[in-house]
$ cat upload-v1.txt   # compact mmCIF, C-alpha atoms and all ligand atoms
# COMPACT_ATOMS: atom_id res chain seq x y z
CA MET A 1 0.00 0.00 0.00
CA ARG A 2 2.80 2.39 0.99
CA LYS A 3 4.61 1.54 -2.25
CA PHE A 4 1.42 2.28 -4.22
CA LEU A 5 1.02 5.66 -2.49
CA LEU A 6 4.65 6.53 -3.18
CA ILE A 7 4.25 5.70 -6.90
CA LEU A 8 1.02 7.73 -6.99
CA LEU A 9 2.75 10.72 -5.37
CA LEU A 10 5.66 10.49 -7.81
CA CYS A 11 3.23 10.34 -10.77
CA VAL A 12 1.21 13.32 -9.54
CA GLY A 13 4.45 15.24 -8.83
CA GLY A 14 5.84 14.31 -12.24
CA PHE A 15 2.75 15.58 -14.04
CA ALA A 16 2.12 18.61 -11.83
CA LYS A 17 1.98 21.80 -13.85
CA PRO A 18 4.59 24.46 -13.08
CA ASN A 19 3.51 27.66 -11.34
CA VAL A 20 4.13 30.68 -13.55
CA TYR A 21 3.71 34.22 -12.25
CA ILE A 22 2.84 36.92 -14.77
CA LEU A 23 3.90 40.47 -13.91
CA ALA A 24 2.25 42.97 -16.24
CA THR A 25 3.94 46.32 -16.89
CA GLY A 26 1.91 47.71 -19.83
CA GLY A 27 3.04 48.31 -23.42
CA THR A 28 1.30 47.62 -26.71
CA ILE A 29 0.42 44.08 -25.64
CA ALA A 30 -1.98 45.86 -23.25
CA GLY A 31 -2.82 48.57 -25.80
CA VAL A 32 -6.28 49.51 -27.01
CA ALA A 33 -7.44 51.29 -30.19
CA LYS A 34 -10.91 52.57 -31.21
CA SER A 35 -11.21 49.89 -33.91
CA ASN A 36 -9.28 46.84 -35.08
CA THR A 37 -7.71 48.79 -37.95
CA ASP A 38 -6.97 52.06 -36.16
CA LYS A 39 -3.26 52.97 -36.15
CA GLU A 40 -3.77 55.26 -33.17
CA TYR A 41 -3.90 53.43 -29.84
CA LYS A 42 -3.02 53.81 -26.17
CA ALA A 43 -0.33 51.47 -24.82
CA GLY A 44 -0.64 50.15 -21.26
CA THR A 45 -4.44 50.19 -21.03
CA ILE A 46 -5.90 46.74 -20.30
CA GLY A 47 -5.10 44.90 -17.07
CA VAL A 48 -3.36 41.61 -16.39
CA GLU A 49 -6.57 39.62 -15.79
CA GLN A 50 -7.89 40.65 -19.22
CA LEU A 51 -4.55 39.72 -20.81
CA ILE A 52 -4.69 36.27 -19.21
CA SER A 53 -8.35 35.69 -20.00
CA ALA A 54 -7.66 36.38 -23.70
CA VAL A 55 -5.46 33.23 -23.72
CA PRO A 56 -7.37 30.63 -21.65
CA GLU A 57 -5.15 27.91 -23.19
CA ILE A 58 -2.20 28.99 -21.01
CA LYS A 59 -3.94 27.25 -18.10
CA ASN A 60 -3.09 23.95 -19.88
CA LEU A 61 0.61 24.83 -19.70
CA ALA A 62 0.90 26.14 -16.15
CA ASN A 63 -0.90 27.29 -13.04
CA VAL A 64 -0.89 30.98 -13.82
CA LYS A 65 -1.15 33.90 -11.42
CA GLY A 66 -1.16 37.50 -12.60
CA GLU A 67 -0.20 40.76 -10.94
CA GLN A 68 -0.38 44.27 -12.34
CA PHE A 69 3.07 45.60 -11.44
CA ILE A 70 2.60 48.90 -13.30
CA ASN A 71 0.72 49.91 -16.46
CA ILE A 72 2.81 52.22 -18.66
CA PRO A 73 4.10 52.56 -22.20
CA SER A 74 7.67 51.30 -21.91
CA THR A 75 8.97 54.67 -23.11
CA ASN A 76 8.34 55.73 -19.49
CA MET A 77 10.37 52.87 -17.99
CA ASN A 78 13.22 54.06 -15.76
CA PRO A 79 15.97 52.79 -13.40
CA GLU A 80 13.80 53.18 -10.26
CA ILE A 81 11.17 50.88 -11.77
CA TRP A 82 13.91 48.44 -12.86
CA LEU A 83 15.20 48.22 -9.30
CA ASN A 84 11.71 47.62 -7.89
CA LEU A 85 10.93 45.05 -10.59
CA ALA A 86 14.17 43.14 -10.00
CA LYS A 87 13.54 43.10 -6.22
CA LYS A 88 9.98 41.87 -6.79
CA ILE A 89 11.14 39.07 -9.13
CA ASN A 90 13.95 38.01 -6.78
CA THR A 91 11.46 37.79 -3.92
CA LEU A 92 8.98 35.79 -6.02
CA LEU A 93 11.62 33.36 -7.32
CA ASN A 94 12.78 32.64 -3.76
CA ARG A 95 9.38 31.04 -3.16
CA ASP A 96 8.95 27.29 -3.67
CA ASP A 97 5.53 27.85 -5.25
CA VAL A 98 6.89 30.01 -8.11
CA ASP A 99 8.67 28.13 -10.93
CA GLY A 100 9.01 30.86 -13.53
CA ILE A 101 8.17 34.48 -14.31
CA VAL A 102 6.70 36.14 -17.39
CA VAL A 103 6.93 39.93 -17.61
CA THR A 104 4.63 41.58 -20.15
CA HIS A 105 6.32 44.76 -21.38
CA GLY A 106 6.29 47.39 -24.12
CA THR A 107 8.70 46.62 -26.92
CA ASP A 108 10.43 50.03 -27.07
CA THR A 109 12.66 49.49 -24.01
CA MET A 110 12.13 45.76 -23.55
CA GLU A 111 15.77 44.99 -24.38
CA GLU A 112 17.00 47.36 -21.64
CA THR A 113 14.71 45.93 -18.96
CA ALA A 114 15.57 42.38 -20.06
CA TYR A 115 19.32 43.07 -19.81
CA PHE A 116 18.93 44.80 -16.43
CA LEU A 117 17.07 41.75 -15.09
CA ASN A 118 19.63 39.42 -16.71
CA LEU A 119 22.28 41.11 -14.56
CA THR A 120 20.32 41.37 -11.31
CA ILE A 121 18.07 38.31 -10.87
CA LYS A 122 19.57 35.78 -8.49
CA SER A 123 17.86 32.60 -9.62
CA LYS A 124 18.20 29.89 -12.26
CA LYS A 125 14.42 29.79 -12.71
CA PRO A 126 13.25 31.14 -16.08
CA VAL A 127 12.35 34.81 -16.50
CA VAL A 128 10.77 35.68 -19.85
CA LEU A 129 9.85 39.10 -21.23
CA VAL A 130 7.11 39.31 -23.81
CA GLY A 131 5.23 42.03 -25.67
CA ALA A 132 3.41 42.72 -28.90
CA MET A 133 3.81 44.97 -31.90
CA ARG A 134 0.04 45.27 -32.41
CA PRO A 135 -2.38 46.39 -29.70
CA ALA A 136 -4.71 43.86 -28.10
CA THR A 137 -7.66 45.18 -30.14
CA ALA A 138 -5.90 44.99 -33.54
CA MET A 139 -6.76 42.73 -36.42
CA SER A 140 -4.34 39.79 -36.11
CA ALA A 141 -2.99 40.95 -32.73
CA ASP A 142 0.29 39.17 -32.02
CA GLY A 143 0.20 39.46 -28.20
CA VAL A 144 -2.05 36.44 -27.65
CA LEU A 145 0.26 33.86 -29.22
CA ASN A 146 3.34 35.66 -27.86
CA LEU A 147 1.95 35.36 -24.31
CA TYR A 148 1.04 31.70 -24.84
CA ASN A 149 4.58 31.00 -26.08
CA ALA A 150 6.17 33.01 -23.25
CA VAL A 151 4.31 30.92 -20.64
CA GLY A 152 5.41 27.83 -22.59
CA VAL A 153 9.07 28.90 -22.30
CA ALA A 154 8.72 29.86 -18.63
CA SER A 155 7.20 26.41 -17.93
CA ASP A 156 9.83 24.40 -19.77
CA LYS A 157 12.47 22.61 -17.69
CA ASN A 158 15.07 23.27 -20.42
CA SER A 159 14.69 27.00 -19.82
CA PHE A 160 16.54 26.83 -16.49
CA ALA A 161 19.86 28.67 -16.11
CA ARG A 162 19.69 30.44 -19.49
CA GLY A 163 19.41 33.94 -18.04
CA VAL A 164 16.58 36.31 -18.88
CA MET A 165 14.94 35.71 -22.25
CA VAL A 166 12.74 37.64 -24.67
CA VAL A 167 10.03 35.68 -26.49
CA MET A 168 8.46 37.31 -29.53
CA ASN A 169 7.20 36.04 -32.87
CA ASN A 170 8.04 32.34 -32.15
CA GLU A 171 11.67 33.16 -31.31
CA ILE A 172 13.61 32.95 -28.06
CA HIS A 173 16.37 35.52 -27.56
CA GLN A 174 18.90 36.01 -24.77
CA ALA A 175 18.54 39.41 -23.07
CA ARG A 176 22.13 40.55 -23.68
CA ASP A 177 22.12 40.36 -27.46
CA VAL A 178 18.50 41.00 -28.43
CA THR A 179 17.47 44.35 -29.88
CA LYS A 180 14.46 45.93 -31.56
CA THR A 181 15.31 46.38 -35.25
CA ASN A 182 12.11 47.54 -36.93
CA THR A 183 9.54 50.15 -35.89
CA SER A 184 6.45 48.15 -36.86
CA ASP A 185 7.25 44.61 -38.05
CA VAL A 186 6.18 41.73 -35.77
CA ALA A 187 9.56 40.13 -36.52
CA THR A 188 11.34 43.14 -35.03
CA PHE A 189 13.45 41.42 -32.34
CA LYS A 190 16.81 40.11 -33.51
CA SER A 191 20.01 39.06 -31.80
CA LEU A 192 22.40 40.73 -34.20
CA ASN A 193 25.69 39.30 -32.94
CA PHE A 194 24.88 35.68 -32.09
CA GLY A 195 21.36 34.96 -33.33
CA LYS A 196 18.33 33.65 -31.44
CA ILE A 197 18.91 30.93 -28.83
CA GLY A 198 15.83 28.91 -29.69
CA SER A 199 12.33 28.69 -31.13
CA VAL A 200 8.89 28.23 -29.63
CA ASN A 201 6.02 26.97 -31.71
CA TYR A 202 2.63 26.87 -29.93
CA ALA A 203 4.55 26.45 -26.65
CA LYS A 204 6.76 23.66 -27.99
CA VAL A 205 10.21 24.84 -27.00
CA GLU A 206 13.48 24.06 -28.74
CA PHE A 207 16.80 25.59 -27.71
CA THR A 208 19.52 25.68 -30.35
CA SER A 209 22.39 27.50 -28.67
CA GLU A 210 24.01 28.24 -25.32
CA PHE A 211 24.95 31.61 -23.95
CA ASN A 212 28.15 32.05 -22.00
CA LYS A 213 28.47 35.60 -20.64
CA LYS A 214 27.89 36.04 -16.89
CA HIS A 215 24.23 36.47 -15.93
CA THR A 216 21.75 36.00 -13.07
CA ILE A 217 23.32 33.89 -10.29
CA ASN A 218 26.83 34.37 -11.74
CA SER A 219 26.66 38.11 -12.32
CA ASP A 220 28.65 40.51 -10.12
CA PHE A 221 25.60 42.49 -8.97
CA ASP A 222 23.27 42.39 -6.00
CA ILE A 223 20.67 45.16 -6.11
CA MET A 224 18.54 44.10 -3.14
CA LYS A 225 19.89 46.97 -1.01
CA LEU A 226 20.15 49.57 -3.78
CA ASP A 227 17.58 52.39 -4.06
CA LYS A 228 19.19 54.44 -6.79
CA LEU A 229 21.58 54.03 -9.71
CA PRO A 230 24.16 56.61 -10.78
CA GLN A 231 23.32 58.90 -13.70
CA VAL A 232 24.77 57.68 -16.99
CA ASP A 233 24.04 59.43 -20.30
CA ILE A 234 24.43 58.40 -23.94
CA ILE A 235 26.07 60.79 -26.41
CA TYR A 236 25.22 60.02 -30.04
CA ALA A 237 28.04 60.73 -32.51
CA TYR A 238 27.40 62.20 -35.98
CA ALA A 239 29.25 64.03 -38.71
CA GLY A 240 29.77 67.62 -37.59
CA ASP A 241 28.87 67.01 -33.93
CA SER A 242 30.18 69.11 -31.04
CA ASP A 243 31.04 68.77 -27.35
CA LYS A 244 27.92 70.63 -26.15
CA PHE A 245 25.97 67.52 -25.05
CA ILE A 246 28.99 66.20 -23.15
CA LYS A 247 29.16 69.48 -21.25
CA THR A 248 25.42 69.28 -20.52
CA ALA A 249 25.72 65.69 -19.30
CA ILE A 250 28.54 66.60 -16.92
CA ASP A 251 26.83 69.79 -15.67
CA SER A 252 23.67 67.79 -14.93
CA GLY A 253 25.52 65.25 -12.75
CA SER A 254 26.57 62.40 -15.06
CA LYS A 255 28.86 59.87 -13.45
CA GLY A 256 29.35 58.04 -16.71
CA ILE A 257 29.08 58.70 -20.44
CA ILE A 258 28.40 56.15 -23.15
CA LEU A 259 29.59 57.22 -26.56
CA ALA A 260 27.38 55.83 -29.33
CA GLY A 261 30.35 56.27 -31.60
CA MET A 262 30.74 56.11 -35.35
CA GLY A 263 31.98 52.80 -36.82
CA ASN A 264 34.16 51.04 -34.26
CA GLY A 265 32.96 53.38 -31.47
CA ASN A 266 34.87 56.38 -32.80
CA PRO A 267 34.37 60.05 -31.86
CA SER A 268 35.16 63.21 -33.82
CA LYS A 269 38.25 65.13 -32.65
CA ILE A 270 36.23 67.65 -30.63
CA VAL A 271 34.20 64.92 -28.88
CA TRP A 272 37.36 62.85 -28.30
CA ASP A 273 39.00 65.84 -26.52
CA ALA A 274 35.91 66.42 -24.38
CA LEU A 275 35.71 62.72 -23.44
CA ALA A 276 39.42 62.68 -22.52
CA LYS A 277 38.82 65.68 -20.24
CA ALA A 278 35.75 64.00 -18.68
CA SER A 279 37.74 60.84 -18.03
CA LYS A 280 40.50 62.88 -16.34
CA ASN A 281 37.78 64.31 -14.07
CA ALA A 282 36.74 60.82 -12.90
CA ILE A 283 33.75 60.39 -15.23
CA ALA A 284 33.64 56.86 -16.63
CA VAL A 285 33.72 56.94 -20.44
CA VAL A 286 32.58 53.89 -22.42
CA ARG A 287 33.00 53.65 -26.18
CA SER A 288 30.22 51.73 -27.91
CA SER A 289 28.99 51.91 -31.49
CA ARG A 290 25.91 53.34 -33.19
CA VAL A 291 26.33 50.69 -35.95
CA GLY A 292 24.10 48.06 -34.29
CA SER A 293 26.33 44.98 -34.29
CA GLY A 294 29.95 43.97 -33.86
CA SER A 295 32.22 44.74 -30.96
CA THR A 296 34.12 47.94 -30.20
CA SER A 297 37.75 46.90 -30.19
CA GLN A 298 40.16 48.18 -27.56
CA ASN A 299 43.24 50.21 -28.43
CA SER A 300 42.74 50.21 -32.21
CA VAL A 301 42.25 53.70 -33.70
CA ILE A 302 41.96 55.03 -30.16
CA ASN A 303 44.49 54.29 -27.45
CA ASP A 304 41.95 53.48 -24.72
CA LYS A 305 44.66 52.75 -22.15
CA LYS A 306 46.13 56.23 -22.54
CA PHE A 307 42.74 57.98 -22.16
CA ASN A 308 41.36 55.58 -19.55
CA PHE A 309 38.43 54.75 -21.84
CA ILE A 310 36.39 51.58 -21.43
CA THR A 311 35.08 49.65 -24.44
CA ALA A 312 31.61 48.12 -24.60
CA ASP A 313 32.42 44.77 -26.23
CA ASN A 314 29.39 44.07 -28.46
CA LEU A 315 26.81 45.78 -26.25
CA ASN A 316 24.77 48.44 -28.02
CA PRO A 317 24.76 51.91 -26.38
CA GLN A 318 21.48 51.42 -24.46
CA LYS A 319 22.71 48.11 -22.99
CA ALA A 320 26.17 49.57 -22.25
CA ARG A 321 24.36 52.26 -20.22
CA VAL A 322 22.54 49.61 -18.16
CA LEU A 323 25.82 47.81 -17.42
CA LEU A 324 27.72 51.01 -16.59
CA MET A 325 25.03 52.13 -14.11
CA LEU A 326 25.35 48.79 -12.31
CA ALA A 327 29.15 48.75 -12.54
CA LEU A 328 29.41 52.27 -11.08
CA SER A 329 27.26 51.21 -8.14
CA LYS A 330 30.16 48.85 -7.22
CA THR A 331 33.38 50.54 -8.34
CA GLN A 332 34.88 53.63 -9.98
CA ASN A 333 38.03 51.80 -11.02
CA THR A 334 38.17 51.76 -14.83
CA ASN A 335 40.21 48.53 -15.01
CA GLU A 336 37.58 46.77 -12.91
CA ILE A 337 34.78 48.29 -15.00
CA GLN A 338 36.51 47.08 -18.19
CA LYS A 339 36.64 43.57 -16.69
CA ILE A 340 32.90 43.79 -16.00
CA PHE A 341 32.30 44.81 -19.63
CA ASP A 342 34.46 41.93 -20.88
CA THR A 343 32.55 39.33 -18.88
CA HIS A 344 28.89 40.46 -18.69
C1 LIG B 1 5.82 50.54 -25.66
O1 LIG B 1 6.99 50.21 -25.69
O2 LIG B 1 5.17 50.62 -24.60
C2 LIG B 1 5.10 50.90 -26.91
C3 LIG B 1 5.51 50.07 -28.06
C4 LIG B 1 5.24 48.61 -27.91
O3 LIG B 1 4.93 48.07 -26.88
O4 LIG B 1 5.36 47.93 -28.96

$ encode --input "upload-v1.txt" --output "structure tokens" --more "lines below"
Ligand code: SIN
Amino acid sequence: MRKFLLILLLCVGGFAKPNVYILATGGTIAGVAKSNTDKEYKAGTIGVEQLISAVPEIKNLANVKGEQFINIPSTNMNPEIWLNLAKKINTLLNRDDVDGIVVTHGTDTMEETAYFLNLTIKSKKPVVLVGAMRPATAMSADGVLNLYNAVGVASDKNSFARGVMVVMNNEIHQARDVTKTNTSDVATFKSLNFGKIGSVNYAKVEFTSEFNKKHTINSDFDIMKLDKLPQVDIIYAYAGDSDKFIKTAIDSGSKGIILAGMGNGNPSKIVWDALAKASKNAIAVVRSSRVGSGSTSQNSVINDKKFNFITADNLNPQKARVLLMLALSKTQNTNEIQKIFDTH
């Protein structure tokens, strides 16, 4: 009898559905228009319960609980919200009754939030960000299947220890490399340096590659006691630019500057001089590129050692900003910051 009960318990345990927690933050996935063909819509409108009830099939994949964390267009996302969101997710993932997290999010800054969480979540359990390019009321809205697939990825045992992922348009991307590449196409998210890490087709998950930069439990950061991140600004380089925005950044309290440089992260002469001066005055300067892919190589055209510049590896400027904010919350030493950029 005892043996029978044990087998029964093992069977029930083996078939028990995972518990997935959905944190809704707004975006177009929660957007509403006046009609199903109206281009004008308001992002961050419908609530988490309505999002979940539009995809009743997700209950076959997992026991799903929803919470409205915030309801905003992701253009209004900011570091304070990132810190609160990371703390919330860390607290949830510490619980035995939470097996994975899905964050619904606007697509405009999804890559920044995903990378921030990739660096600050202290768990191997899956965290998946998902959104939509078409509002919930649109003809052929993409959010419904995206959410179904995101819950599928968050419920899959092969999703453990892969860091934070973005699931959109049947593709699984790692947070560090993924970026939005098109203003309106549903296939907008691409990982331009390394490619997607897997596919998800009606919640059937297949991973095709590994990811080996430091993330989640192996990252250098613990934000649980942080309430604020240092100010870091991005300066976009262009033909005929000047040093005026660098001056403004410094005057307004920047502790770090990311150069979205030309080509291999290069500045014009006038910007180069201003960055060298900033670096001398203990402002961390990171060279990244406005090109969109490829890494910014150290000590090539620019002698980074001489100017104490840091290079961004293959992080785009908006991701380099996320990493520099976190790095500066730990150290001001440029050699240590460079090591962080080389490994995260
Ligand atoms: C937003 O980022 O909130 C608006 C755009 C989108 O979600 O696609």

$ closest_residue --input "upload-v1.txt" --among "A:Leu117, A:Ala274, A:Val200, A:Leu61" --to "Lys87 (chain A)" --atoms "all atoms listed in the file"
A:Leu117

$ residues_around --input "upload-v1.txt" --residues "Lys190 (chain A)" --least-positions-apart "4" --cutoff "7 Å" --atoms "only C-alpha atoms" --output "PyMOL selection string"
chain A and resi 178-181+195-196

$ atom_distance --input "upload-v1.txt" --atom1 "CA of Asp97 (chain A)" --atom2 "CA of Trp82 (chain A)"
23.5 Å

$ residues_around --input "upload-v1.txt" --residues "Ser159 (chain A)" --least-positions-apart "2" --cutoff "10 Å" --atoms "only C-alpha atoms" --output "PDB file with C-alpha atoms, in the coordinates of the input"
ATOM      1  CA  GLY A 100       9.010  30.860 -13.530  1.00  0.00           C
ATOM      2  CA  LYS A 124      18.200  29.890 -12.260  1.00  0.00           C
ATOM      3  CA  LYS A 125      14.420  29.790 -12.710  1.00  0.00           C
ATOM      4  CA  PRO A 126      13.250  31.140 -16.080  1.00  0.00           C
ATOM      5  CA  VAL A 127      12.350  34.810 -16.500  1.00  0.00           C
ATOM      6  CA  VAL A 128      10.770  35.680 -19.850  1.00  0.00           C
ATOM      7  CA  GLY A 152       5.410  27.830 -22.590  1.00  0.00           C
ATOM      8  CA  VAL A 153       9.070  28.900 -22.300  1.00  0.00           C
ATOM      9  CA  ALA A 154       8.720  29.860 -18.630  1.00  0.00           C
ATOM     10  CA  SER A 155       7.200  26.410 -17.930  1.00  0.00           C
ATOM     11  CA  ASP A 156       9.830  24.400 -19.770  1.00  0.00           C
ATOM     12  CA  LYS A 157      12.470  22.610 -17.690  1.00  0.00           C
ATOM     13  CA  ALA A 161      19.860  28.670 -16.110  1.00  0.00           C
ATOM     14  CA  ARG A 162      19.690  30.440 -19.490  1.00  0.00           C
ATOM     15  CA  GLY A 163      19.410  33.940 -18.040  1.00  0.00           C
ATOM     16  CA  VAL A 164      16.580  36.310 -18.880  1.00  0.00           C
ATOM     17  CA  MET A 165      14.940  35.710 -22.250  1.00  0.00           C
ATOM     18  CA  VAL A 205      10.210  24.840 -27.000  1.00  0.00           C
ATOM     19  CA  GLU A 206      13.480  24.060 -28.740  1.00  0.00           C
ATOM     20  CA  PHE A 207      16.800  25.590 -27.710  1.00  0.00           C
TER      21      PHE A 207
END

$ residues_around --input "upload-v1.txt" --residues "Asn76 (chain A)" --least-positions-apart "6" --cutoff "10 Å" --atoms "only C-alpha atoms" --output "JSON, numbers by chain"
{"A": [27, 106, 108, 109]}

$ axis_aligned_box --input "upload-v1.txt" --around "ligand LIG 1 (chain B)" --padding-each-side "8 Å" --output "JSON"
{"center_x": 6.0, "center_y": 49.4, "center_z": -26.8, "size_x": 18.1, "size_y": 19.0, "size_z": 20.4}

$ closest_residue --input "upload-v1.txt" --among "A:Ser123, A:Thr331, A:Gly44, A:Asn193" --to "Arg95 (chain A)" --atoms "all atoms listed in the file"
A:Ser123

$ atom_distance --input "upload-v1.txt" --atom1 "CA of Ile29 (chain A)" --atom2 "CA of Gln174 (chain A)"
20.2 Å

$ atom_distance --input "upload-v1.txt" --atom1 "CA of Gln231 (chain A)" --atom2 "CA of Ser254 (chain A)"
5.0 Å

$ residues_near_ligand --input "upload-v1.txt" --ligand "ligand LIG 1 (chain B)" --cutoff "12 Å" --atoms "all atoms listed in the file" --output "PyMOL selection string"
chain A and resi 24-32+40-45+70-77+104-113+129-136+141-143+168+180-189

$ build_atoms --input "upload-v1.txt" --residues "region 152-166 of chain A" --atoms "N, CA and C atoms" --output "PDB file, in the coordinates of the input"
ATOM      1  N   GLY A 152       4.821  29.118 -22.207  1.00  0.00           N
ATOM      2  CA  GLY A 152       5.410  27.830 -22.590  1.00  0.00           C
ATOM      3  C   GLY A 152       6.895  27.783 -22.268  1.00  0.00           C
ATOM      4  N   VAL A 153       7.624  28.860 -22.587  1.00  0.00           N
ATOM      5  CA  VAL A 153       9.070  28.900 -22.300  1.00  0.00           C
ATOM      6  C   VAL A 153       9.316  28.944 -20.799  1.00  0.00           C
ATOM      7  N   ALA A 154       8.530  29.756 -20.087  1.00  0.00           N
ATOM      8  CA  ALA A 154       8.720  29.860 -18.630  1.00  0.00           C
ATOM      9  C   ALA A 154       8.398  28.556 -17.918  1.00  0.00           C
ATOM     10  N   SER A 155       7.598  27.685 -18.549  1.00  0.00           N
ATOM     11  CA  SER A 155       7.200  26.410 -17.930  1.00  0.00           C
ATOM     12  C   SER A 155       8.122  25.266 -18.289  1.00  0.00           C
ATOM     13  N   ASP A 156       9.030  25.508 -19.227  1.00  0.00           N
ATOM     14  CA  ASP A 156       9.830  24.400 -19.770  1.00  0.00           C
ATOM     15  C   ASP A 156      11.082  24.160 -18.914  1.00  0.00           C
ATOM     16  N   LYS A 157      11.313  22.896 -18.565  1.00  0.00           N
ATOM     17  CA  LYS A 157      12.470  22.610 -17.690  1.00  0.00           C
ATOM     18  C   LYS A 157      13.811  22.926 -18.381  1.00  0.00           C
ATOM     19  N   ASN A 158      13.826  22.928 -19.712  1.00  0.00           N
ATOM     20  CA  ASN A 158      15.070  23.270 -20.420  1.00  0.00           C
ATOM     21  C   ASN A 158      15.381  24.769 -20.407  1.00  0.00           C
ATOM     22  N   SER A 159      14.461  25.553 -19.865  1.00  0.00           N
ATOM     23  CA  SER A 159      14.690  27.000 -19.820  1.00  0.00           C
ATOM     24  C   SER A 159      15.516  27.428 -18.619  1.00  0.00           C
ATOM     25  N   PHE A 160      15.784  26.483 -17.700  1.00  0.00           N
ATOM     26  CA  PHE A 160      16.540  26.830 -16.490  1.00  0.00           C
ATOM     27  C   PHE A 160      17.964  27.263 -16.829  1.00  0.00           C
ATOM     28  N   ALA A 161      18.455  28.241 -16.071  1.00  0.00           N
ATOM     29  CA  ALA A 161      19.860  28.670 -16.110  1.00  0.00           C
ATOM     30  C   ALA A 161      20.279  29.281 -17.453  1.00  0.00           C
ATOM     31  N   ARG A 162      19.341  29.809 -18.209  1.00  0.00           N
ATOM     32  CA  ARG A 162      19.690  30.440 -19.490  1.00  0.00           C
ATOM     33  C   ARG A 162      19.687  31.965 -19.401  1.00  0.00           C
ATOM     34  N   GLY A 163      19.496  32.487 -18.188  1.00  0.00           N
ATOM     35  CA  GLY A 163      19.410  33.940 -18.040  1.00  0.00           C
ATOM     36  C   GLY A 163      18.036  34.416 -18.476  1.00  0.00           C
ATOM     37  N   VAL A 164      17.885  35.733 -18.519  1.00  0.00           N
ATOM     38  CA  VAL A 164      16.580  36.310 -18.880  1.00  0.00           C
ATOM     39  C   VAL A 164      16.409  36.251 -20.404  1.00  0.00           C
ATOM     40  N   MET A 165      15.197  35.886 -20.813  1.00  0.00           N
ATOM     41  CA  MET A 165      14.940  35.710 -22.250  1.00  0.00           C
ATOM     42  C   MET A 165      13.814  36.624 -22.738  1.00  0.00           C
ATOM     43  N   VAL A 166      13.835  36.900 -24.025  1.00  0.00           N
ATOM     44  CA  VAL A 166      12.740  37.640 -24.670  1.00  0.00           C
ATOM     45  C   VAL A 166      12.092  36.678 -25.663  1.00  0.00           C
TER      46      VAL A 166
END
